[in-house]
>>> print(open('upload_6.cif').read())   # mmCIF, C-alpha atoms
data_input
loop_
_atom_site.group_PDB
_atom_site.id
_atom_site.type_symbol
_atom_site.label_atom_id
_atom_site.label_comp_id
_atom_site.auth_asym_id
_atom_site.auth_seq_id
_atom_site.Cartn_x
_atom_site.Cartn_y
_atom_site.Cartn_z
ATOM 1 C CA MET A 704 -105.304 -73.705 -70.460
ATOM 2 C CA LYS A 705 -105.604 -76.835 -72.620
ATOM 3 C CA VAL A 706 -102.517 -78.288 -70.940
ATOM 4 C CA LEU A 707 -104.070 -77.692 -67.504
ATOM 5 C CA GLU A 708 -107.334 -79.306 -68.679
ATOM 6 C CA ALA A 709 -105.419 -82.380 -69.874
ATOM 7 C CA VAL A 710 -103.505 -82.609 -66.579
ATOM 8 C CA GLY A 711 -106.778 -82.210 -64.680
ATOM 9 C CA THR A 712 -108.368 -85.058 -66.633
ATOM 10 C CA ILE A 713 -105.422 -87.361 -65.895
ATOM 11 C CA ALA A 714 -105.382 -86.328 -62.227
ATOM 12 C CA GLY A 715 -109.097 -87.036 -61.883
ATOM 13 C CA LYS A 716 -108.907 -90.368 -63.693
ATOM 14 C CA TYR A 717 -106.136 -91.704 -61.459
ATOM 15 C CA PHE A 718 -107.210 -89.860 -58.310
ATOM 16 C CA ALA A 719 -107.072 -92.934 -56.051
ATOM 17 C CA LEU A 720 -103.486 -93.657 -57.087
ATOM 18 C CA TRP A 721 -102.460 -90.041 -56.474
ATOM 19 C CA VAL A 722 -104.023 -90.132 -52.997
ATOM 20 C CA ILE A 723 -102.166 -93.346 -52.121
ATOM 21 C CA PHE A 724 -98.923 -91.891 -53.478
ATOM 22 C CA ALA A 725 -99.334 -88.685 -51.434
ATOM 23 C CA ALA A 726 -100.091 -90.679 -48.273
ATOM 24 C CA VAL A 727 -97.095 -93.012 -48.720
ATOM 25 C CA ILE A 728 -94.655 -90.164 -49.405
ATOM 26 C CA ALA A 729 -95.924 -88.161 -46.412
ATOM 27 C CA PHE A 730 -95.678 -91.271 -44.207
ATOM 28 C CA LEU A 731 -92.102 -92.079 -45.268
ATOM 29 C CA PHE A 732 -90.879 -88.459 -45.287
ATOM 30 C CA PRO A 733 -93.206 -86.548 -42.916
ATOM 31 C CA THR A 734 -91.021 -83.526 -42.079
ATOM 32 C CA PRO A 735 -91.508 -81.491 -45.313
ATOM 33 C CA PHE A 736 -95.307 -81.786 -45.005
ATOM 34 C CA LEU A 737 -95.787 -80.951 -41.315
ATOM 35 C CA GLY A 738 -96.320 -77.234 -41.924
ATOM 36 C CA LEU A 739 -99.197 -77.871 -44.337
ATOM 37 C CA GLY A 740 -101.621 -78.718 -41.537
ATOM 38 C CA ALA A 741 -102.291 -75.028 -40.953
ATOM 39 C CA TYR A 742 -103.789 -74.727 -44.438
ATOM 40 C CA ILE A 743 -106.273 -77.651 -44.302
ATOM 41 C CA THR A 744 -109.328 -75.441 -43.739
ATOM 42 C CA ILE A 745 -108.346 -73.048 -46.542
ATOM 43 C CA LEU A 746 -107.695 -75.935 -48.937
ATOM 44 C CA LEU A 747 -111.079 -77.523 -48.248
ATOM 45 C CA GLY A 748 -112.658 -74.111 -48.792
ATOM 46 C CA VAL A 749 -111.005 -74.038 -52.222
ATOM 47 C CA VAL A 750 -112.557 -77.436 -53.049
ATOM 48 C CA MET A 751 -116.000 -76.230 -51.944
ATOM 49 C CA PHE A 752 -115.575 -72.992 -53.906
ATOM 50 C CA GLY A 753 -114.981 -75.160 -56.993
ATOM 51 C CA MET A 754 -118.195 -77.046 -56.213
ATOM 52 C CA GLY A 755 -120.058 -73.716 -56.110
ATOM 53 C CA LEU A 756 -118.653 -72.751 -59.505
ATOM 54 C CA THR A 757 -120.014 -75.933 -61.096
ATOM 55 C CA LEU A 758 -123.457 -76.080 -59.425
ATOM 56 C CA LYS A 759 -126.454 -75.009 -61.511
ATOM 57 C CA ALA A 760 -130.122 -74.397 -60.762
ATOM 58 C CA VAL A 761 -131.034 -77.538 -62.737
ATOM 59 C CA ASP A 762 -129.083 -79.583 -60.159
ATOM 60 C CA PHE A 763 -131.789 -78.757 -57.600
ATOM 61 C CA LYS A 764 -134.740 -79.295 -59.970
ATOM 62 C CA ILE A 765 -135.122 -82.970 -59.025
ATOM 63 C CA ILE A 766 -135.654 -81.956 -55.373
ATOM 64 C CA LEU A 767 -138.856 -80.187 -56.439
ATOM 65 C CA THR A 768 -139.990 -82.566 -59.185
ATOM 66 C CA LYS A 769 -139.089 -85.926 -57.586
ATOM 67 C CA PRO A 770 -138.361 -85.209 -53.918
ATOM 68 C CA LEU A 771 -138.878 -88.730 -52.495
ATOM 69 C CA PRO A 772 -135.618 -90.367 -53.731
ATOM 70 C CA VAL A 773 -133.603 -87.305 -52.642
ATOM 71 C CA ILE A 774 -135.179 -87.176 -49.178
ATOM 72 C CA ILE A 775 -134.845 -90.929 -48.683
ATOM 73 C CA GLY A 776 -131.219 -90.839 -49.852
ATOM 74 C CA VAL A 777 -130.212 -87.930 -47.612
ATOM 75 C CA CYS A 778 -132.001 -89.447 -44.604
ATOM 76 C CA ALA A 779 -130.232 -92.757 -45.261
ATOM 77 C CA GLN A 780 -126.909 -90.891 -45.429
ATOM 78 C CA PHE A 781 -127.391 -89.198 -42.069
ATOM 79 C CA VAL A 782 -128.834 -92.303 -40.362
ATOM 80 C CA ILE A 783 -126.912 -95.284 -41.763
ATOM 81 C CA MET A 784 -123.374 -93.862 -41.778
ATOM 82 C CA PRO A 785 -123.375 -92.327 -38.255
ATOM 83 C CA LEU A 786 -124.974 -95.408 -36.658
ATOM 84 C CA VAL A 787 -122.666 -97.857 -38.469
ATOM 85 C CA ALA A 788 -119.649 -95.782 -37.413
ATOM 86 C CA PHE A 789 -120.897 -95.716 -33.815
ATOM 87 C CA ALA A 790 -121.414 -99.491 -33.782
ATOM 88 C CA LEU A 791 -118.008 -100.210 -35.329
ATOM 89 C CA ALA A 792 -116.238 -97.907 -32.869
ATOM 90 C CA TYR A 793 -117.789 -99.918 -30.026
ATOM 91 C CA LEU A 794 -117.252 -103.379 -31.541
ATOM 92 C CA LEU A 795 -113.629 -102.680 -32.487
ATOM 93 C CA LYS A 796 -113.013 -100.968 -29.118
ATOM 94 C CA LEU A 797 -111.311 -98.006 -30.725
ATOM 95 C CA PRO A 798 -109.495 -95.481 -28.483
ATOM 96 C CA PRO A 799 -111.577 -92.337 -27.774
ATOM 97 C CA GLU A 800 -109.932 -90.063 -30.359
ATOM 98 C CA LEU A 801 -110.170 -92.674 -33.144
ATOM 99 C CA ALA A 802 -113.744 -93.582 -32.154
ATOM 100 C CA ALA A 803 -114.805 -89.934 -32.316
ATOM 101 C CA GLY A 804 -112.954 -89.577 -35.643
ATOM 102 C CA LEU A 805 -114.770 -92.548 -37.152
ATOM 103 C CA VAL A 806 -118.156 -91.233 -35.991
ATOM 104 C CA LEU A 807 -117.218 -87.841 -37.444
ATOM 105 C CA LEU A 808 -116.509 -89.484 -40.806
ATOM 106 C CA GLY A 809 -119.971 -91.039 -40.603
ATOM 107 C CA CYS A 810 -121.658 -87.715 -39.792
ATOM 108 C CA VAL A 811 -120.266 -85.573 -42.621
ATOM 109 C CA PRO A 812 -122.235 -85.167 -45.889
ATOM 110 C CA GLY A 813 -121.545 -86.927 -49.176
ATOM 111 C CA GLY A 814 -118.462 -86.025 -51.181
ATOM 112 C CA THR A 815 -118.373 -84.687 -54.729
ATOM 113 C CA ALA A 816 -116.342 -87.685 -55.928
ATOM 114 C CA SER A 817 -119.514 -89.765 -55.601
ATOM 115 C CA ASN A 818 -121.076 -87.791 -58.472
ATOM 116 C CA VAL A 819 -118.330 -88.999 -60.819
ATOM 117 C CA MET A 820 -118.728 -92.568 -59.588
ATOM 118 C CA VAL A 821 -122.518 -92.488 -60.131
ATOM 119 C CA TYR A 822 -121.977 -91.205 -63.658
ATOM 120 C CA LEU A 823 -119.523 -94.043 -64.388
ATOM 121 C CA ALA A 824 -121.887 -96.576 -62.782
ATOM 122 C CA LYS A 825 -124.749 -95.443 -65.080
ATOM 123 C CA GLY A 826 -126.772 -94.349 -62.075
ATOM 124 C CA ASN A 827 -129.084 -91.377 -61.707
ATOM 125 C CA LEU A 828 -126.592 -88.502 -61.856
ATOM 126 C CA ALA A 829 -129.221 -85.807 -61.189
ATOM 127 C CA LEU A 830 -130.231 -87.614 -57.989
ATOM 128 C CA SER A 831 -126.584 -87.958 -56.959
ATOM 129 C CA VAL A 832 -125.823 -84.246 -57.419
ATOM 130 C CA ALA A 833 -129.035 -83.260 -55.606
ATOM 131 C CA MET A 834 -128.154 -85.533 -52.671
ATOM 132 C CA THR A 835 -124.621 -84.155 -52.430
ATOM 133 C CA SER A 836 -125.896 -80.581 -52.571
ATOM 134 C CA LEU A 837 -128.721 -81.046 -50.064
ATOM 135 C CA SER A 838 -126.662 -83.049 -47.558
ATOM 136 C CA THR A 839 -123.897 -80.424 -47.788
ATOM 137 C CA LEU A 840 -126.348 -77.588 -47.127
ATOM 138 C CA LEU A 841 -127.819 -79.486 -44.147
ATOM 139 C CA ALA A 842 -124.391 -80.338 -42.701
ATOM 140 C CA PRO A 843 -123.909 -77.196 -40.540
ATOM 141 C CA VAL A 844 -126.918 -78.223 -38.421
ATOM 142 C CA VAL A 845 -127.094 -82.010 -38.786
ATOM 143 C CA THR A 846 -123.400 -82.931 -38.437
ATOM 144 C CA PRO A 847 -122.773 -81.135 -35.075
ATOM 145 C CA LEU A 848 -126.019 -82.498 -33.587
ATOM 146 C CA LEU A 849 -125.207 -86.066 -34.629
ATOM 147 C CA LEU A 850 -121.694 -85.737 -33.224
ATOM 148 C CA LEU A 851 -123.017 -84.377 -29.927
ATOM 149 C CA LEU A 852 -125.399 -87.340 -29.700
ATOM 150 C CA LEU A 853 -123.029 -90.115 -30.794
ATOM 151 C CA ALA A 854 -119.433 -88.978 -30.173
ATOM 152 C CA GLY A 855 -119.895 -86.901 -27.009
ATOM 153 C CA GLN A 856 -119.176 -89.905 -24.784
ATOM 154 C CA TRP A 857 -115.631 -90.171 -26.144
ATOM 155 C CA LEU A 858 -114.624 -86.535 -26.577
ATOM 156 C CA PRO A 859 -116.271 -83.181 -25.745
ATOM 157 C CA VAL A 860 -118.252 -81.767 -28.681
ATOM 158 C CA ASP A 861 -118.991 -78.054 -29.100
ATOM 159 C CA PRO A 862 -121.872 -78.027 -31.637
ATOM 160 C CA MET A 863 -121.966 -74.242 -32.023
ATOM 161 C CA SER A 864 -118.241 -74.025 -32.739
ATOM 162 C CA MET A 865 -118.545 -76.880 -35.227
ATOM 163 C CA PHE A 866 -121.554 -75.185 -36.857
ATOM 164 C CA LYS A 867 -119.441 -72.068 -37.417
ATOM 165 C CA SER A 868 -116.570 -74.137 -38.827
ATOM 166 C CA ILE A 869 -118.812 -75.899 -41.357
ATOM 167 C CA VAL A 870 -120.410 -72.628 -42.440
ATOM 168 C CA GLN A 871 -116.967 -71.062 -42.914
ATOM 169 C CA VAL A 872 -115.381 -73.980 -44.720
ATOM 170 C CA ILE A 873 -118.341 -75.177 -46.836
ATOM 171 C CA ILE A 874 -121.342 -72.847 -47.076
ATOM 172 C CA ILE A 875 -119.505 -69.544 -47.590
ATOM 173 C CA PRO A 876 -117.141 -70.892 -50.316
ATOM 174 C CA ILE A 877 -120.058 -72.573 -52.150
ATOM 175 C CA VAL A 878 -122.136 -69.373 -52.014
ATOM 176 C CA LEU A 879 -119.163 -67.349 -53.294
ATOM 177 C CA GLY A 880 -118.748 -69.831 -56.146
ATOM 178 C CA LEU A 881 -122.424 -69.555 -57.036
ATOM 179 C CA LEU A 882 -122.289 -65.736 -56.977
ATOM 180 C CA ILE A 883 -119.206 -65.589 -59.186
ATOM 181 C CA GLN A 884 -120.834 -68.051 -61.582
ATOM 182 C CA LYS A 885 -123.934 -65.825 -61.712
ATOM 183 C CA PHE A 886 -122.183 -62.482 -62.241
ATOM 184 C CA PHE A 887 -119.180 -63.632 -64.302
ATOM 185 C CA PRO A 888 -120.542 -66.577 -66.347
ATOM 186 C CA LYS A 889 -118.164 -66.172 -69.303
ATOM 187 C CA ALA A 890 -115.057 -66.121 -67.124
ATOM 188 C CA VAL A 891 -116.285 -69.167 -65.196
ATOM 189 C CA GLU A 892 -117.093 -71.037 -68.415
ATOM 190 C CA LYS A 893 -113.539 -70.514 -69.658
ATOM 191 C CA SER A 894 -111.866 -71.575 -66.430
ATOM 192 C CA VAL A 895 -114.218 -74.198 -64.932
ATOM 193 C CA SER A 896 -112.439 -77.070 -66.709
ATOM 194 C CA VAL A 897 -109.397 -76.406 -64.508
ATOM 195 C CA VAL A 898 -111.428 -76.732 -61.282
ATOM 196 C CA PRO A 899 -110.987 -80.549 -61.024
ATOM 197 C CA LEU A 900 -107.192 -80.162 -61.133
ATOM 198 C CA ILE A 901 -107.253 -77.552 -58.352
ATOM 199 C CA SER A 902 -109.603 -79.705 -56.249
ATOM 200 C CA VAL A 903 -107.434 -82.808 -56.685
ATOM 201 C CA ALA A 904 -104.288 -80.856 -55.757
ATOM 202 C CA ALA A 905 -105.997 -79.426 -52.642
ATOM 203 C CA ILE A 906 -107.161 -82.859 -51.449
ATOM 204 C CA LEU A 907 -103.714 -84.375 -52.034
ATOM 205 C CA ILE A 908 -102.128 -81.659 -49.904
ATOM 206 C CA ILE A 909 -104.725 -82.275 -47.154
ATOM 207 C CA VAL A 910 -103.989 -86.032 -47.195
ATOM 208 C CA ALA A 911 -100.226 -85.403 -47.088
ATOM 209 C CA ALA A 912 -100.587 -82.910 -44.218
ATOM 210 C CA VAL A 913 -102.637 -85.221 -41.988
ATOM 211 C CA THR A 914 -100.621 -88.343 -42.841
ATOM 212 C CA SER A 915 -97.357 -86.578 -41.935
ATOM 213 C CA ALA A 916 -98.858 -85.373 -38.638
ATOM 214 C CA ASN A 917 -99.963 -88.967 -37.888
ATOM 215 C CA ALA A 918 -96.936 -90.886 -39.186
ATOM 216 C CA GLY A 919 -96.402 -92.595 -35.841
ATOM 217 C CA ASN A 920 -100.119 -93.267 -35.353
ATOM 218 C CA VAL A 921 -100.424 -94.778 -38.845
ATOM 219 C CA ALA A 922 -97.727 -97.292 -37.921
ATOM 220 C CA SER A 923 -99.339 -98.221 -34.585
ATOM 221 C CA SER A 924 -103.069 -97.899 -35.314
ATOM 222 C CA GLY A 925 -103.247 -97.782 -39.108
ATOM 223 C CA PHE A 926 -104.480 -101.348 -39.658
ATOM 224 C CA ILE A 927 -107.394 -101.307 -37.220
ATOM 225 C CA VAL A 928 -108.475 -97.889 -38.503
ATOM 226 C CA PHE A 929 -108.345 -99.127 -42.091
ATOM 227 C CA ILE A 930 -110.507 -102.150 -41.139
ATOM 228 C CA ALA A 931 -113.011 -99.793 -39.502
ATOM 229 C CA VAL A 932 -113.136 -97.514 -42.571
ATOM 230 C CA PHE A 933 -113.334 -100.523 -44.913
ATOM 231 C CA LEU A 934 -116.335 -101.966 -43.028
ATOM 232 C CA HIS A 935 -117.955 -98.559 -42.638
ATOM 233 C CA ASN A 936 -117.778 -97.886 -46.363
ATOM 234 C CA GLY A 937 -118.926 -101.415 -47.262
ATOM 235 C CA PHE A 938 -121.972 -101.282 -44.993
ATOM 236 C CA GLY A 939 -122.814 -97.822 -46.332
ATOM 237 C CA LEU A 940 -122.752 -98.971 -49.950
ATOM 238 C CA LEU A 941 -124.782 -102.110 -49.165
ATOM 239 C CA LEU A 942 -127.373 -100.570 -46.842
ATOM 240 C CA GLY A 943 -127.799 -97.556 -49.125
ATOM 241 C CA TYR A 944 -128.637 -99.878 -52.005
ATOM 242 C CA LEU A 945 -130.975 -102.014 -49.874
ATOM 243 C CA THR A 946 -132.799 -98.934 -48.576
ATOM 244 C CA ALA A 947 -133.509 -97.786 -52.131
ATOM 245 C CA LEU A 948 -134.535 -101.343 -53.074
ATOM 246 C CA MET A 949 -136.958 -101.670 -50.162
ATOM 247 C CA ILE A 950 -138.874 -98.504 -51.072
ATOM 248 C CA GLY A 951 -139.189 -99.659 -54.690
ATOM 249 C CA LEU A 952 -136.789 -97.292 -56.478
ATOM 250 C CA ASN A 953 -135.398 -98.344 -59.860
ATOM 251 C CA GLU A 954 -131.861 -99.570 -60.476
ATOM 252 C CA ASN A 955 -130.572 -96.144 -61.562
ATOM 253 C CA ASP A 956 -131.708 -94.601 -58.268
ATOM 254 C CA ARG A 957 -130.395 -97.531 -56.221
ATOM 255 C CA ARG A 958 -126.902 -97.109 -57.646
ATOM 256 C CA ALA A 959 -126.937 -93.372 -57.002
ATOM 257 C CA ILE A 960 -128.118 -93.718 -53.395
ATOM 258 C CA SER A 961 -125.685 -96.564 -52.695
ATOM 259 C CA LEU A 962 -122.656 -94.565 -53.814
ATOM 260 C CA GLU A 963 -123.883 -91.346 -52.206
ATOM 261 C CA VAL A 964 -124.441 -93.021 -48.835
ATOM 262 C CA GLY A 965 -121.165 -94.963 -48.944
ATOM 263 C CA MET A 966 -118.839 -92.151 -50.049
ATOM 264 C CA GLN A 967 -118.342 -89.360 -47.505
ATOM 265 C CA ASN A 968 -116.763 -85.902 -47.708
ATOM 266 C CA SER A 969 -113.487 -87.101 -46.193
ATOM 267 C CA GLY A 970 -111.854 -83.705 -46.654
ATOM 268 C CA LEU A 971 -114.436 -82.104 -44.373
ATOM 269 C CA GLY A 972 -113.908 -84.939 -41.885
ATOM 270 C CA VAL A 973 -110.178 -84.207 -41.832
ATOM 271 C CA ALA A 974 -110.684 -80.465 -41.367
ATOM 272 C CA LEU A 975 -113.249 -80.828 -38.556
ATOM 273 C CA ALA A 976 -111.317 -83.566 -36.760
ATOM 274 C CA THR A 977 -108.070 -81.575 -36.858
ATOM 275 C CA ALA A 978 -109.751 -78.380 -35.642
ATOM 276 C CA HIS A 979 -112.024 -79.841 -32.941
ATOM 277 C CA PHE A 980 -110.665 -83.234 -31.812
ATOM 278 C CA GLY A 981 -106.951 -83.480 -32.679
ATOM 279 C CA PRO A 982 -104.694 -84.965 -35.404
ATOM 280 C CA LEU A 983 -105.314 -88.609 -34.412
ATOM 281 C CA ALA A 984 -109.086 -88.191 -34.863
ATOM 282 C CA ALA A 985 -108.416 -87.182 -38.483
ATOM 283 C CA LEU A 986 -106.899 -90.578 -39.292
ATOM 284 C CA PRO A 987 -110.240 -92.325 -40.157
ATOM 285 C CA SER A 988 -111.048 -89.538 -42.632
ATOM 286 C CA VAL A 989 -107.575 -89.838 -44.202
ATOM 287 C CA TRP A 990 -108.155 -93.554 -44.723
ATOM 288 C CA GLY A 991 -111.626 -92.643 -45.996
ATOM 289 C CA ALA A 992 -110.125 -90.299 -48.601
ATOM 290 C CA ILE A 993 -107.957 -93.181 -49.801
ATOM 291 C CA TRP A 994 -110.346 -96.125 -49.602
ATOM 292 C CA HIS A 995 -113.516 -94.397 -50.848
ATOM 293 C CA ASN A 996 -111.641 -93.515 -54.032
ATOM 294 C CA ILE A 997 -110.690 -97.144 -54.520
ATOM 295 C CA SER A 998 -113.981 -98.868 -53.642
ATOM 296 C CA GLY A 999 -116.030 -96.292 -55.586
ATOM 297 C CA PRO A 1000 -114.293 -96.874 -58.944
ATOM 298 C CA ILE A 1001 -114.348 -100.657 -58.410
ATOM 299 C CA LEU A 1002 -118.115 -100.698 -57.819
ATOM 300 C CA ALA A 1003 -118.716 -98.176 -60.613
ATOM 301 C CA THR A 1004 -116.750 -100.369 -63.043
ATOM 302 C CA ILE A 1005 -118.771 -103.464 -62.090
ATOM 303 C CA TRP A 1006 -122.071 -101.632 -62.450
ATOM 304 C CA SER A 1007 -121.053 -99.964 -65.723
ATOM 305 C CA LYS A 1008 -120.987 -103.412 -67.333
ATOM 306 C CA LYS A 1009 -124.518 -104.244 -66.176
ATOM 307 C CA PRO A 1010 -127.515 -102.623 -67.925
ATOM 308 C CA THR A 1011 -129.776 -100.431 -65.796
ATOM 309 C CA SER A 1012 -133.575 -100.401 -65.891
ATOM 310 C CA ASP A 1013 -133.518 -97.430 -68.285
ATOM 311 C CA GLU A 1014 -131.190 -99.217 -70.675
ATOM 312 C CA LYS A 1015 -133.283 -102.399 -70.545
ATOM 313 C CA ALA A 1016 -136.443 -100.440 -71.319
ATOM 314 C CA LYS A 1017 -134.700 -98.659 -74.194
ATOM 315 C CA THR A 1018 -133.444 -101.963 -75.631
ATOM 316 C CA ARG A 1019 -136.893 -103.513 -75.279
ATOM 317 C CA LYS A 1020 -138.470 -100.530 -77.033
ATOM 318 C CA GLN A 1021 -135.978 -100.744 -79.899
ATOM 319 C CA THR A 1022 -136.552 -104.499 -80.201
ATOM 320 C CA ASN A 1023 -140.320 -104.050 -80.329
ATOM 321 C CA LYS A 1024 -139.882 -101.358 -82.957
ATOM 322 C CA VAL A 1025 -137.735 -103.638 -85.135
ATOM 323 C CA VAL A 1026 -140.241 -106.499 -84.747
ATOM 324 C CA ALA A 1027 -143.112 -104.181 -85.699
ATOM 325 C CA MET A 1028 -141.207 -102.999 -88.775
ATOM 326 C CA LYS A 1029 -140.556 -106.583 -89.876
ATOM 327 C CA LYS A 1030 -144.204 -107.499 -89.454
ATOM 328 C CA GLY A 1031 -145.212 -104.429 -91.416
#
>>> encode(input="upload_6.cif", output="structure tokens")
Amino acid sequence: MKVLEAVGTIAGKYFALWVIFAAVIAFLFPTPFLGLGAYITILLGVVMFGMGLTLKAVDFKIILTKPLPVIIGVCAQFVIMPLVAFALAYLLKLPPELAAGLVLLGCVPGGTASNVMVYLAKGNLALSVAMTSLSTLLAPVVTPLLLLLLAGQWLPVDPMSMFKSIVQVIIIPIVLGLLIQKFFPKAVEKSVSVVPLISVAAILIIVAAVTSANAGNVASSGFIVFIAVFLHNGFGLLLGYLTALMIGLNENDRRAISLEVGMQNSGLGVALATAHFGPLAALPSVWGAIWHNISGPILATIWSKKPTSDEKAKTRKQTNKVVAMKKG
């Protein structure tokens, strides 16, 4: 078990590199990975089951005690990212399947990787987890409706079918994880440290499966799709931060909302695109899985070196205390 924990820590720390490696290998040698596409939904369910195992009641406490930042953050997520994706698809004149895929990436909820990035960035981790949880729970209703409104002009959208898919691949696994955590807490406590390794492995397989299925499309359309995902992510991070700034939230909350808005659940995007639109529509989410796990750590590293409002207040308090002691 300790060996698996150590491997899981390494895998999580260098996740972006592993994702790039999986994508490159699947692009250069697609044949061995082609059969994995049939397991994408199951693999994402495994990731969501792991999320359910690690969620606790305290993660939702902030929604009741300080609801405004959570509500603002989730609203920003489901407004900024879909509209930016829609605008970019038009401006870049993406083909219908890629345009719908980019909008789909914008309409999915936040990913769990953002929680790690917020922690590293010294942001409000409780707010980050609450946003991820709430946006995920809202996704079965909000994501299909947004897609019907914004992506329906490019490809036909069946909101009821997509609702069922999201419930099956996200809500049911999370609920199962929560139930197992409730009824078998000791077993979960002993094994939960291995969950990150399983989640990383599942996402790598998903990336390899979709990259292999799109090897030809990556070569022909890869650059323009990467530019679209790069801009989409950048605008999300920036506008998320500015939204929090405009309503007067502190620096800790701004960092959390910025990363939550900018980093999407790319795995869900891949699964939904493959099931409802086609393999090509999954390409933006594949690039999202790669780029979000590069931009997130970069921004988190920059922010980790800058003190937050909480740290400044703590330093000021300690300084005042030392001054008072000297005067005394």
>>> residues_near_point(input="upload_6.cif", point="(-121.6, -99.6, -70.3)", cutoff="9 Å", atoms="all atoms listed in the file", output="mmCIF file with C-alpha atoms, in the frame of the given file")
data_model
loop_
_atom_site.group_PDB
_atom_site.id
_atom_site.type_symbol
_atom_site.label_atom_id
_atom_site.label_comp_id
_atom_site.auth_asym_id
_atom_site.auth_seq_id
_atom_site.Cartn_x
_atom_site.Cartn_y
_atom_site.Cartn_z
ATOM 1 C CA LEU A 823 -119.523 -94.043 -64.388
ATOM 2 C CA ALA A 824 -121.887 -96.576 -62.782
ATOM 3 C CA LYS A 825 -124.749 -95.443 -65.080
ATOM 4 C CA THR A 1004 -116.750 -100.369 -63.043
ATOM 5 C CA TRP A 1006 -122.071 -101.632 -62.450
ATOM 6 C CA SER A 1007 -121.053 -99.964 -65.723
ATOM 7 C CA LYS A 1008 -120.987 -103.412 -67.333
ATOM 8 C CA LYS A 1009 -124.518 -104.244 -66.176
ATOM 9 C CA PRO A 1010 -127.515 -102.623 -67.925
#
>>> closest_residue(input="upload_6.cif", among="A:Leu975, A:Ile997, A:Leu739, A:Leu851", to="Gly937 in chain A", atoms="only C-alpha atoms")
A:Ile997
>>> atom_distance(input="upload_6.cif", atom1="CA of Leu791 in chain A", atom2="CA of Leu841 in chain A")
24.6 Å
>>> resolve_selection(input="upload_6.cif", expression="the PyMOL selection byres ((chain A and resi 723) around 12)", output="list in words")
Tyr717, Phe718, Ala719, Leu720, Trp721, Val722, Phe724, Ala725, Ala726, Val727, Ile728, Ala729, Phe730, Ile906, Leu907, Ile908, Val910, Ala911, Thr914, Val989, Trp990, Gly991, Ala992, Ile993, Trp994, His995, Asn996 and Ile997 of chain A
>>> write_last_selection(input="upload_6.cif", atoms="C-alpha atoms", output="compact mmCIF listing (two decimals), in the frame of the given file")
# COMPACT_ATOMS: atom_id res chain seq x y z
CA TYR A 717 -106.14 -91.70 -61.46
CA PHE A 718 -107.21 -89.86 -58.31
CA ALA A 719 -107.07 -92.93 -56.05
CA LEU A 720 -103.49 -93.66 -57.09
CA TRP A 721 -102.46 -90.04 -56.47
CA VAL A 722 -104.02 -90.13 -53.00
CA PHE A 724 -98.92 -91.89 -53.48
CA ALA A 725 -99.33 -88.68 -51.43
CA ALA A 726 -100.09 -90.68 -48.27
CA VAL A 727 -97.10 -93.01 -48.72
CA ILE A 728 -94.66 -90.16 -49.40
CA ALA A 729 -95.92 -88.16 -46.41
CA PHE A 730 -95.68 -91.27 -44.21
CA ILE A 906 -107.16 -82.86 -51.45
CA LEU A 907 -103.71 -84.38 -52.03
CA ILE A 908 -102.13 -81.66 -49.90
CA VAL A 910 -103.99 -86.03 -47.20
CA ALA A 911 -100.23 -85.40 -47.09
CA THR A 914 -100.62 -88.34 -42.84
CA VAL A 989 -107.58 -89.84 -44.20
CA TRP A 990 -108.16 -93.55 -44.72
CA GLY A 991 -111.63 -92.64 -46.00
CA ALA A 992 -110.12 -90.30 -48.60
CA ILE A 993 -107.96 -93.18 -49.80
CA TRP A 994 -110.35 -96.12 -49.60
CA HIS A 995 -113.52 -94.40 -50.85
CA ASN A 996 -111.64 -93.52 -54.03
CA ILE A 997 -110.69 -97.14 -54.52
>>> residues_around(input="upload_6.cif", residues="range 951-956 of chain A", least_positions_apart="3", cutoff="9 Å", atoms="all atoms listed in the file", output="PyMOL selection string")
chain A and resi 772+821+824-828+830-831+944+946-948+959-961+1011-1013
>>> closest_residue(input="upload_6.cif", among="A:Met834, A:Ile766, A:Ile909, A:Ala931", to="Gly970 in chain A", atoms="all atoms listed in the file")
A:Ile909
>>> residues_around(input="upload_6.cif", residues="range 855-860 of chain A", least_positions_apart="3", cutoff="8 Å", atoms="all atoms listed in the file", output="tab-separated table (two decimals) with C-alpha atoms, in the frame of the given file")
chain	number	residue	atom	x	y	z
A	799	PRO	CA	-111.58	-92.34	-27.77
A	800	GLU	CA	-109.93	-90.06	-30.36
A	802	ALA	CA	-113.74	-93.58	-32.15
A	803	ALA	CA	-114.80	-89.93	-32.32
A	847	PRO	CA	-122.77	-81.14	-35.08
A	850	LEU	CA	-121.69	-85.74	-33.22
A	851	LEU	CA	-123.02	-84.38	-29.93
A	852	LEU	CA	-125.40	-87.34	-29.70
A	979	HIS	CA	-112.02	-79.84	-32.94
A	980	PHE	CA	-110.66	-83.23	-31.81
>>> atom_distance(input="upload_6.cif", atom1="CA of Asn920 in chain A", atom2="CA of Val787 in chain A")
23.2 Å
>>> axis_aligned_box(input="upload_6.cif", around="range 737-745 of chain A", padding_each_side="6 Å", output="JSON")
{"center_x": -102.6, "center_y": -77.0, "center_z": -43.7, "size_x": 25.5, "size_y": 19.9, "size_z": 17.6}
>>> atom_distance(input="upload_6.cif", atom1="CA of Ser836 in chain A", atom2="CA of Tyr822 in chain A")
15.8 Å
>>> closest_residue(input="upload_6.cif", among="A:Gly776, A:Pro987, A:Pro785, A:Gly738", to="Ser924 in chain A", atoms="all atoms listed in the file")
A:Pro987
>>> closest_residue(input="upload_6.cif", among="A:Phe926, A:Leu934, A:Leu940, A:Val870", to="Leu986 in chain A", atoms="all atoms listed in the file")
A:Phe926
>>> closest_residue(input="upload_6.cif", among="A:Leu840, A:Leu942, A:Leu848, A:Leu797", to="Gly925 in chain A", atoms="all atoms listed in the file")
A:Leu797
>>> closest_residue(input="upload_6.cif", among="A:Cys810, A:Val964, A:Met949, A:Ala790", to="Val844 in chain A", atoms="all atoms listed in the file")
A:Cys810
